[in-house]
file query-v6.cif (mmCIF, N, CA and C atoms)
data_run
#
loop_
_atom_site.label_atom_id
_atom_site.label_comp_id
_atom_site.auth_asym_id
_atom_site.auth_seq_id
_atom_site.Cartn_x
_atom_site.Cartn_y
_atom_site.Cartn_z
N MET A 1 15.54 53.47 101.09
CA MET A 1 16.03 54.19 99.94
C MET A 1 16.46 55.58 100.33
N ASN A 2 15.69 56.18 101.13
CA ASN A 2 16.02 57.51 101.57
C ASN A 2 17.36 57.53 102.32
N ARG A 3 17.55 56.51 103.13
CA ARG A 3 18.77 56.41 103.90
C ARG A 3 19.96 56.18 103.01
N ALA A 4 19.82 55.42 101.99
CA ALA A 4 20.91 55.14 101.05
C ALA A 4 21.33 56.41 100.34
N LEU A 5 20.35 57.21 99.95
CA LEU A 5 20.65 58.48 99.28
C LEU A 5 21.38 59.42 100.23
N ARG A 6 20.95 59.44 101.48
CA ARG A 6 21.59 60.30 102.47
C ARG A 6 23.04 59.87 102.69
N TYR A 7 23.31 58.58 102.81
CA TYR A 7 24.68 58.08 103.00
C TYR A 7 25.55 58.41 101.78
N ALA A 8 24.97 58.26 100.62
CA ALA A 8 25.73 58.56 99.41
C ALA A 8 26.10 60.03 99.36
N THR A 9 25.18 60.92 99.75
CA THR A 9 25.45 62.35 99.73
C THR A 9 26.51 62.69 100.76
N VAL A 10 26.37 62.18 101.97
CA VAL A 10 27.36 62.44 103.02
C VAL A 10 28.71 61.87 102.62
N GLY A 11 28.72 60.72 102.01
CA GLY A 11 29.98 60.12 101.55
C GLY A 11 30.65 60.98 100.48
N ALA A 12 29.85 61.51 99.54
CA ALA A 12 30.41 62.34 98.47
C ALA A 12 30.98 63.62 99.05
N ILE A 13 30.30 64.21 100.02
CA ILE A 13 30.80 65.44 100.65
C ILE A 13 32.09 65.15 101.41
N ALA A 14 32.12 64.04 102.11
CA ALA A 14 33.31 63.68 102.88
C ALA A 14 34.50 63.46 101.95
N VAL A 15 34.27 62.77 100.84
CA VAL A 15 35.35 62.52 99.89
C VAL A 15 35.88 63.83 99.32
N SER A 16 34.98 64.75 98.99
CA SER A 16 35.43 66.02 98.41
C SER A 16 36.19 66.84 99.44
N LEU A 17 35.76 66.81 100.70
CA LEU A 17 36.49 67.52 101.74
C LEU A 17 37.87 66.92 101.96
N ILE A 18 37.94 65.63 101.99
CA ILE A 18 39.23 64.96 102.20
C ILE A 18 40.15 65.23 101.01
N ALA A 19 39.61 65.14 99.82
CA ALA A 19 40.42 65.37 98.63
C ALA A 19 40.92 66.81 98.60
N GLY A 20 40.05 67.76 98.92
CA GLY A 20 40.45 69.16 98.93
C GLY A 20 41.49 69.43 100.00
N GLY A 21 41.31 68.84 101.15
CA GLY A 21 42.27 69.02 102.24
C GLY A 21 43.61 68.40 101.93
N SER A 22 43.59 67.23 101.29
CA SER A 22 44.85 66.58 100.98
C SER A 22 45.57 67.30 99.85
N ALA A 23 44.80 67.90 98.94
CA ALA A 23 45.43 68.66 97.87
C ALA A 23 46.19 69.84 98.47
N ALA A 24 45.58 70.47 99.48
CA ALA A 24 46.24 71.58 100.12
C ALA A 24 47.45 71.09 100.90
N ALA A 25 47.34 69.90 101.48
CA ALA A 25 48.45 69.36 102.24
C ALA A 25 49.63 69.02 101.35
N PHE A 26 49.35 68.64 100.08
CA PHE A 26 50.43 68.28 99.18
C PHE A 26 50.92 69.45 98.31
N ALA A 27 50.38 70.62 98.55
CA ALA A 27 50.84 71.78 97.78
C ALA A 27 52.30 72.05 98.13
N ALA A 28 53.03 72.59 97.18
CA ALA A 28 54.46 72.86 97.41
C ALA A 28 54.62 73.89 98.51
N PRO A 29 55.44 73.59 99.51
CA PRO A 29 55.65 74.54 100.60
C PRO A 29 56.42 75.76 100.09
N GLN A 30 56.14 76.90 100.68
CA GLN A 30 56.87 78.10 100.29
C GLN A 30 58.23 78.09 100.95
N ASP A 31 59.23 78.47 100.19
CA ASP A 31 60.58 78.56 100.73
C ASP A 31 60.71 79.93 101.39
N LEU A 32 60.79 79.91 102.71
CA LEU A 32 60.84 81.17 103.43
C LEU A 32 62.16 81.90 103.23
N HIS A 33 63.18 81.21 102.76
CA HIS A 33 64.49 81.82 102.58
C HIS A 33 64.77 82.15 101.12
N ALA A 34 63.77 82.02 100.28
CA ALA A 34 63.98 82.31 98.86
C ALA A 34 64.22 83.80 98.67
N ALA A 35 65.05 84.11 97.71
CA ALA A 35 65.36 85.52 97.44
C ALA A 35 64.12 86.22 96.92
N LYS A 36 63.88 87.40 97.44
CA LYS A 36 62.74 88.18 96.99
C LYS A 36 63.14 88.89 95.70
N PRO A 37 62.20 89.03 94.79
CA PRO A 37 62.55 89.71 93.54
C PRO A 37 62.93 91.17 93.80
N VAL A 38 63.95 91.62 93.12
CA VAL A 38 64.41 92.99 93.26
C VAL A 38 63.84 93.79 92.10
N VAL A 39 63.18 94.86 92.44
CA VAL A 39 62.60 95.73 91.43
C VAL A 39 63.56 96.88 91.22
N ALA A 40 64.10 96.96 90.02
CA ALA A 40 65.04 98.04 89.73
C ALA A 40 64.27 99.32 89.44
N THR A 41 64.66 100.38 90.12
CA THR A 41 64.03 101.67 89.86
C THR A 41 65.07 102.57 89.21
N ALA A 42 64.64 103.26 88.21
CA ALA A 42 65.54 104.18 87.52
C ALA A 42 65.82 105.36 88.44
N PRO A 43 67.06 105.85 88.44
CA PRO A 43 67.34 107.02 89.26
C PRO A 43 66.50 108.20 88.78
N ALA A 44 66.11 109.02 89.73
CA ALA A 44 65.29 110.18 89.38
C ALA A 44 66.06 111.07 88.41
N ALA A 45 65.39 111.51 87.39
CA ALA A 45 66.04 112.39 86.43
C ALA A 45 66.39 113.71 87.12
N ALA A 46 67.57 114.21 86.84
CA ALA A 46 67.99 115.47 87.43
C ALA A 46 67.20 116.60 86.80
N SER A 47 66.92 117.63 87.61
CA SER A 47 66.19 118.78 87.09
C SER A 47 66.63 120.04 87.82
N LEU A 48 66.46 121.15 87.13
CA LEU A 48 66.78 122.47 87.69
C LEU A 48 65.59 123.40 87.48
N THR A 49 65.35 124.26 88.46
CA THR A 49 64.40 125.34 88.29
C THR A 49 65.20 126.65 88.33
N ALA A 50 64.64 127.71 87.79
CA ALA A 50 65.31 129.01 87.81
C ALA A 50 64.29 130.12 87.86
N LYS A 51 64.60 131.15 88.65
CA LYS A 51 63.74 132.32 88.74
C LYS A 51 64.63 133.55 88.92
N ALA A 52 64.43 134.54 88.09
CA ALA A 52 65.18 135.79 88.21
C ALA A 52 64.53 136.67 89.28
N SER A 53 65.35 137.42 90.01
CA SER A 53 64.83 138.29 91.06
C SER A 53 64.11 139.51 90.50
N VAL A 54 64.36 139.83 89.23
CA VAL A 54 63.73 140.99 88.57
C VAL A 54 63.33 140.61 87.16
N ASN A 55 62.45 141.42 86.56
CA ASN A 55 62.08 141.22 85.17
C ASN A 55 62.89 142.11 84.24
N SER A 56 63.34 143.27 84.76
CA SER A 56 64.15 144.17 83.95
C SER A 56 65.16 144.89 84.83
N VAL A 57 66.31 145.23 84.22
CA VAL A 57 67.40 145.91 84.93
C VAL A 57 68.05 146.90 83.98
N LYS A 58 68.86 147.81 84.55
CA LYS A 58 69.70 148.69 83.74
C LYS A 58 70.93 147.88 83.35
N ALA A 59 71.62 148.29 82.30
CA ALA A 59 72.82 147.58 81.86
C ALA A 59 73.81 147.49 83.02
N TRP A 60 74.35 146.33 83.25
CA TRP A 60 75.34 145.98 84.26
C TRP A 60 74.83 146.09 85.69
N GLN A 61 73.53 146.19 85.85
CA GLN A 61 72.95 146.18 87.20
C GLN A 61 72.85 144.74 87.68
N GLU A 62 73.28 144.50 88.90
CA GLU A 62 73.29 143.13 89.44
C GLU A 62 71.89 142.67 89.83
N PHE A 63 71.60 141.41 89.56
CA PHE A 63 70.38 140.76 90.01
C PHE A 63 70.72 139.31 90.31
N ARG A 64 69.76 138.56 90.79
CA ARG A 64 70.02 137.15 91.15
C ARG A 64 69.12 136.20 90.37
N ILE A 65 69.67 135.04 90.12
CA ILE A 65 68.88 133.90 89.62
C ILE A 65 68.99 132.84 90.71
N SER A 66 67.85 132.38 91.18
CA SER A 66 67.85 131.35 92.21
C SER A 66 66.91 130.23 91.80
N GLY A 67 67.06 129.11 92.45
CA GLY A 67 66.22 127.96 92.13
C GLY A 67 66.61 126.75 92.94
N THR A 68 66.14 125.60 92.48
CA THR A 68 66.44 124.35 93.16
C THR A 68 66.93 123.32 92.16
N ALA A 69 67.72 122.41 92.67
CA ALA A 69 68.24 121.30 91.87
C ALA A 69 67.76 120.00 92.51
N LYS A 70 67.22 119.11 91.70
CA LYS A 70 66.82 117.77 92.18
C LYS A 70 67.63 116.75 91.40
N GLY A 71 68.10 115.75 92.11
CA GLY A 71 68.86 114.69 91.46
C GLY A 71 70.32 115.05 91.21
N LEU A 72 70.77 116.19 91.76
CA LEU A 72 72.17 116.59 91.65
C LEU A 72 72.78 116.59 93.04
N LYS A 73 74.04 116.19 93.14
CA LYS A 73 74.71 116.15 94.44
C LYS A 73 75.00 117.56 94.93
N ALA A 74 75.01 117.70 96.25
CA ALA A 74 75.39 118.98 96.85
C ALA A 74 76.81 119.31 96.40
N GLY A 75 77.05 120.56 96.09
CA GLY A 75 78.37 120.99 95.63
C GLY A 75 78.51 121.02 94.12
N THR A 76 77.56 120.43 93.41
CA THR A 76 77.59 120.46 91.94
C THR A 76 77.48 121.91 91.48
N LYS A 77 78.34 122.33 90.56
CA LYS A 77 78.31 123.70 90.05
C LYS A 77 77.20 123.86 89.02
N VAL A 78 76.40 124.92 89.19
CA VAL A 78 75.41 125.29 88.19
C VAL A 78 75.87 126.61 87.57
N THR A 79 75.75 126.70 86.26
CA THR A 79 76.26 127.84 85.51
C THR A 79 75.13 128.55 84.79
N VAL A 80 75.22 129.89 84.74
CA VAL A 80 74.25 130.69 84.00
C VAL A 80 74.60 130.61 82.52
N GLN A 81 73.58 130.36 81.70
CA GLN A 81 73.76 130.37 80.25
C GLN A 81 72.82 131.41 79.65
N GLN A 82 73.32 132.08 78.60
CA GLN A 82 72.56 133.12 77.90
C GLN A 82 72.39 132.71 76.45
N LYS A 83 71.18 132.88 75.94
CA LYS A 83 70.94 132.55 74.53
C LYS A 83 71.44 133.71 73.67
N GLN A 84 72.42 133.40 72.83
CA GLN A 84 72.99 134.39 71.92
C GLN A 84 72.79 133.86 70.51
N GLY A 85 71.82 134.44 69.82
CA GLY A 85 71.44 133.91 68.50
C GLY A 85 70.70 132.61 68.69
N THR A 86 71.26 131.52 68.14
CA THR A 86 70.64 130.20 68.29
C THR A 86 71.39 129.32 69.28
N LYS A 87 72.48 129.85 69.87
CA LYS A 87 73.32 129.05 70.78
C LYS A 87 73.19 129.52 72.22
N TRP A 88 73.32 128.57 73.13
CA TRP A 88 73.39 128.88 74.55
C TRP A 88 74.86 129.00 74.93
N VAL A 89 75.23 130.16 75.49
CA VAL A 89 76.62 130.45 75.84
C VAL A 89 76.73 130.53 77.36
N SER A 90 77.71 129.82 77.93
CA SER A 90 77.92 129.87 79.38
C SER A 90 78.56 131.19 79.76
N LEU A 91 78.01 131.83 80.79
CA LEU A 91 78.55 133.08 81.30
C LEU A 91 79.47 132.76 82.48
N PRO A 92 80.36 133.68 82.84
CA PRO A 92 81.24 133.43 83.99
C PRO A 92 80.52 133.67 85.32
N ALA A 93 79.39 133.07 85.47
CA ALA A 93 78.60 133.16 86.71
C ALA A 93 78.13 131.77 87.07
N GLN A 94 78.66 131.24 88.17
CA GLN A 94 78.26 129.91 88.62
C GLN A 94 78.28 129.85 90.12
N THR A 95 77.61 128.85 90.65
CA THR A 95 77.52 128.67 92.09
C THR A 95 77.28 127.19 92.39
N PRO A 96 77.70 126.72 93.57
CA PRO A 96 77.44 125.32 93.92
C PRO A 96 76.02 125.14 94.47
N VAL A 97 75.52 123.93 94.31
CA VAL A 97 74.21 123.55 94.86
C VAL A 97 74.40 123.24 96.34
N ALA A 98 73.53 123.78 97.17
CA ALA A 98 73.58 123.53 98.61
C ALA A 98 73.04 122.13 98.93
N LYS A 99 73.24 121.68 100.16
CA LYS A 99 72.73 120.37 100.59
C LYS A 99 71.22 120.28 100.42
N SER A 100 70.53 121.40 100.60
CA SER A 100 69.07 121.42 100.47
C SER A 100 68.62 121.37 99.01
N GLY A 101 69.58 121.56 98.07
CA GLY A 101 69.24 121.57 96.65
C GLY A 101 69.06 122.99 96.11
N ALA A 102 69.10 123.98 97.01
CA ALA A 102 68.90 125.37 96.59
C ALA A 102 70.20 125.97 96.05
N TYR A 103 70.05 126.98 95.22
CA TYR A 103 71.20 127.74 94.74
C TYR A 103 70.76 129.17 94.46
N SER A 104 71.72 130.08 94.43
CA SER A 104 71.46 131.47 94.08
C SER A 104 72.77 132.05 93.55
N VAL A 105 72.68 132.75 92.41
CA VAL A 105 73.88 133.29 91.78
C VAL A 105 73.63 134.74 91.36
N ARG A 106 74.67 135.57 91.49
CA ARG A 106 74.58 136.97 91.07
C ARG A 106 74.93 137.08 89.59
N VAL A 107 74.17 137.93 88.88
CA VAL A 107 74.35 138.07 87.43
C VAL A 107 74.34 139.55 87.08
N LYS A 108 75.18 139.91 86.08
CA LYS A 108 75.17 141.25 85.48
C LYS A 108 75.15 141.07 83.98
N LEU A 109 74.26 141.79 83.30
CA LEU A 109 74.15 141.69 81.85
C LEU A 109 74.35 143.06 81.21
N GLY A 110 74.98 143.06 80.02
CA GLY A 110 75.20 144.30 79.30
C GLY A 110 74.50 144.36 77.96
N ILE A 111 74.01 143.23 77.47
CA ILE A 111 73.33 143.20 76.17
C ILE A 111 71.92 143.71 76.36
N LYS A 112 71.63 144.88 75.74
CA LYS A 112 70.31 145.49 75.90
C LYS A 112 69.24 144.70 75.15
N GLY A 113 68.03 144.76 75.69
CA GLY A 113 66.91 144.04 75.11
C GLY A 113 66.54 142.85 75.98
N ALA A 114 65.69 141.99 75.45
CA ALA A 114 65.25 140.80 76.17
C ALA A 114 66.35 139.75 76.13
N ASN A 115 66.74 139.25 77.28
CA ASN A 115 67.77 138.23 77.39
C ASN A 115 67.15 136.95 77.92
N GLN A 116 67.38 135.85 77.23
CA GLN A 116 66.92 134.53 77.68
C GLN A 116 68.06 133.89 78.45
N LEU A 117 67.78 133.49 79.69
CA LEU A 117 68.79 132.88 80.55
C LEU A 117 68.28 131.54 81.07
N ARG A 118 69.21 130.65 81.34
CA ARG A 118 68.88 129.37 81.97
C ARG A 118 70.06 128.94 82.82
N MET A 119 69.82 127.94 83.66
CA MET A 119 70.88 127.37 84.48
C MET A 119 71.23 126.00 83.93
N ALA A 120 72.50 125.65 84.01
CA ALA A 120 72.94 124.36 83.47
C ALA A 120 73.93 123.70 84.42
N ALA A 121 73.83 122.38 84.50
CA ALA A 121 74.78 121.54 85.22
C ALA A 121 74.97 120.31 84.35
N GLY A 122 76.02 120.31 83.55
CA GLY A 122 76.20 119.22 82.59
C GLY A 122 75.10 119.27 81.55
N LYS A 123 74.41 118.16 81.37
CA LYS A 123 73.32 118.10 80.38
C LYS A 123 71.97 118.50 80.98
N THR A 124 71.95 118.75 82.28
CA THR A 124 70.72 119.15 82.94
C THR A 124 70.57 120.67 82.84
N VAL A 125 69.45 121.13 82.30
CA VAL A 125 69.21 122.57 82.15
C VAL A 125 67.83 122.93 82.68
N SER A 126 67.71 124.17 83.12
CA SER A 126 66.43 124.67 83.61
C SER A 126 65.63 125.26 82.46
N PRO A 127 64.35 125.50 82.66
CA PRO A 127 63.60 126.27 81.66
C PRO A 127 64.17 127.70 81.62
N ALA A 128 64.02 128.35 80.49
CA ALA A 128 64.57 129.70 80.31
C ALA A 128 63.75 130.72 81.07
N VAL A 129 64.44 131.76 81.57
CA VAL A 129 63.80 132.91 82.18
C VAL A 129 64.21 134.13 81.36
N SER A 130 63.36 135.13 81.33
CA SER A 130 63.65 136.33 80.54
C SER A 130 63.90 137.53 81.44
N VAL A 131 64.98 138.27 81.16
CA VAL A 131 65.30 139.50 81.84
C VAL A 131 65.60 140.55 80.78
N THR A 132 64.90 141.66 80.83
CA THR A 132 65.11 142.74 79.89
C THR A 132 66.13 143.73 80.43
N VAL A 133 67.13 144.05 79.61
CA VAL A 133 68.14 145.04 79.98
C VAL A 133 67.78 146.33 79.26
N ARG A 134 67.61 147.43 80.06
CA ARG A 134 67.25 148.73 79.49
C ARG A 134 68.49 149.57 79.24
#

call {"tool": "encode", "arguments": {"input": "query-v6.cif", "output": "structure tokens"}}
result
Amino acid sequence: MNRALRYATVGAIAVSLIAGGSAAAFAAPQDLHAAKPVVATAPAAASLTAKASVNSVKAWQEFRISGTAKGLKAGTKVTVQQKQGTKWVSLPAQTPVAKSGAYSVRVKLGIKGANQLRMAAGKTVSPAVSVTVR
């Protein structure tokens, strides 16, 4: 009786091993030439930074606004904009973006008081910087 139980157990184990092995053998083979899924990535959003070289100037005294552009092609023109009332007005001060993404532009302001300035390239704008004209 003991021997019969042992044979039955060994037989059951053998059957399960064979069945498991054959199941793996009949699994669908992977197609090594199948196209891999392409994950679309959105282009990086363009952005601009801006920093004025001074916090305050005399009327018509020259200063610089410099910064970096990300997601914009080299040579793209960036323009200085000034907040006048509730509107942003483009000033006749612009410069191209360098290959490194850096830019620097000379600015002169005549409107006394705190002036809010930003850089723009199409719909991409930098955060505003403040320069006080005395």

call {"tool": "residues_around", "arguments": {"input": "query-v6.cif", "residues": "Ile111 of chain A", "least_positions_apart": "4", "cutoff": "8 Å", "atoms": "all atoms listed in the file", "output": "list in words"}}
result
Ala59, Trp60, Asn115, Thr132, Val133 and Arg134 of chain A

call {"tool": "write_last_selection", "arguments": {"input": "query-v6.cif", "atoms": "N, CA and C atoms", "output": "short mmCIF file (atom, residue, chain, number, x, y, z; two decimals), keeping the file's coordinate frame"}}
result
data_model
loop_
_atom_site.label_atom_id
_atom_site.label_comp_id
_atom_site.auth_asym_id
_atom_site.auth_seq_id
_atom_site.Cartn_x
_atom_site.Cartn_y
_atom_site.Cartn_z
N ALA A 59 71.62 148.29 82.30
CA ALA A 59 72.82 147.58 81.86
C ALA A 59 73.81 147.49 83.02
N TRP A 60 74.35 146.33 83.25
CA TRP A 60 75.34 145.98 84.26
C TRP A 60 74.83 146.09 85.69
N ASN A 115 66.74 139.25 77.28
CA ASN A 115 67.77 138.23 77.39
C ASN A 115 67.15 136.95 77.92
N THR A 132 64.90 141.66 80.83
CA THR A 132 65.11 142.74 79.89
C THR A 132 66.13 143.73 80.43
N VAL A 133 67.13 144.05 79.61
CA VAL A 133 68.14 145.04 79.98
C VAL A 133 67.78 146.33 79.26
N ARG A 134 67.61 147.43 80.06
CA ARG A 134 67.25 148.73 79.49
C ARG A 134 68.49 149.57 79.24
#

call {"tool": "closest_residue", "arguments": {"input": "query-v6.cif", "among": "A:Ser126, A:Ser56, A:Gln116, A:Gln61", "to": "Thr79 of chain A", "atoms": "only C-alpha atoms"}}
result
A:Ser126

call {"tool": "resolve_selection", "arguments": {"input": "query-v6.cif", "expression": "the PyMOL selection byres (((chain A and resi 55 and name CA) around 10) and name CA)", "output": "number ranges by chain"}}
result
A: 51-54, 56-57, 63, 114, 129-133

call {"tool": "atom_distance", "arguments": {"input": "query-v6.cif", "atom1": "atom C of Leu48 of chain A", "atom2": "atom N of Gly113 of chain A"}}
result
24.5 Å

call {"tool": "closest_residue", "arguments": {"input": "query-v6.cif", "among": "A:Ile65, A:Ala46, A:Ala74, A:Val80", "to": "Pro96 of chain A", "atoms": "only N, CA and C atoms"}}
result
A:Ala74

call {"tool": "residues_around", "arguments": {"input": "query-v6.cif", "residues": "Gln81 of chain A", "least_positions_apart": "6", "cutoff": "6.5 Å", "atoms": "all atoms listed in the file", "output": "number ranges by chain"}}
result
A: 88-91, 116-120
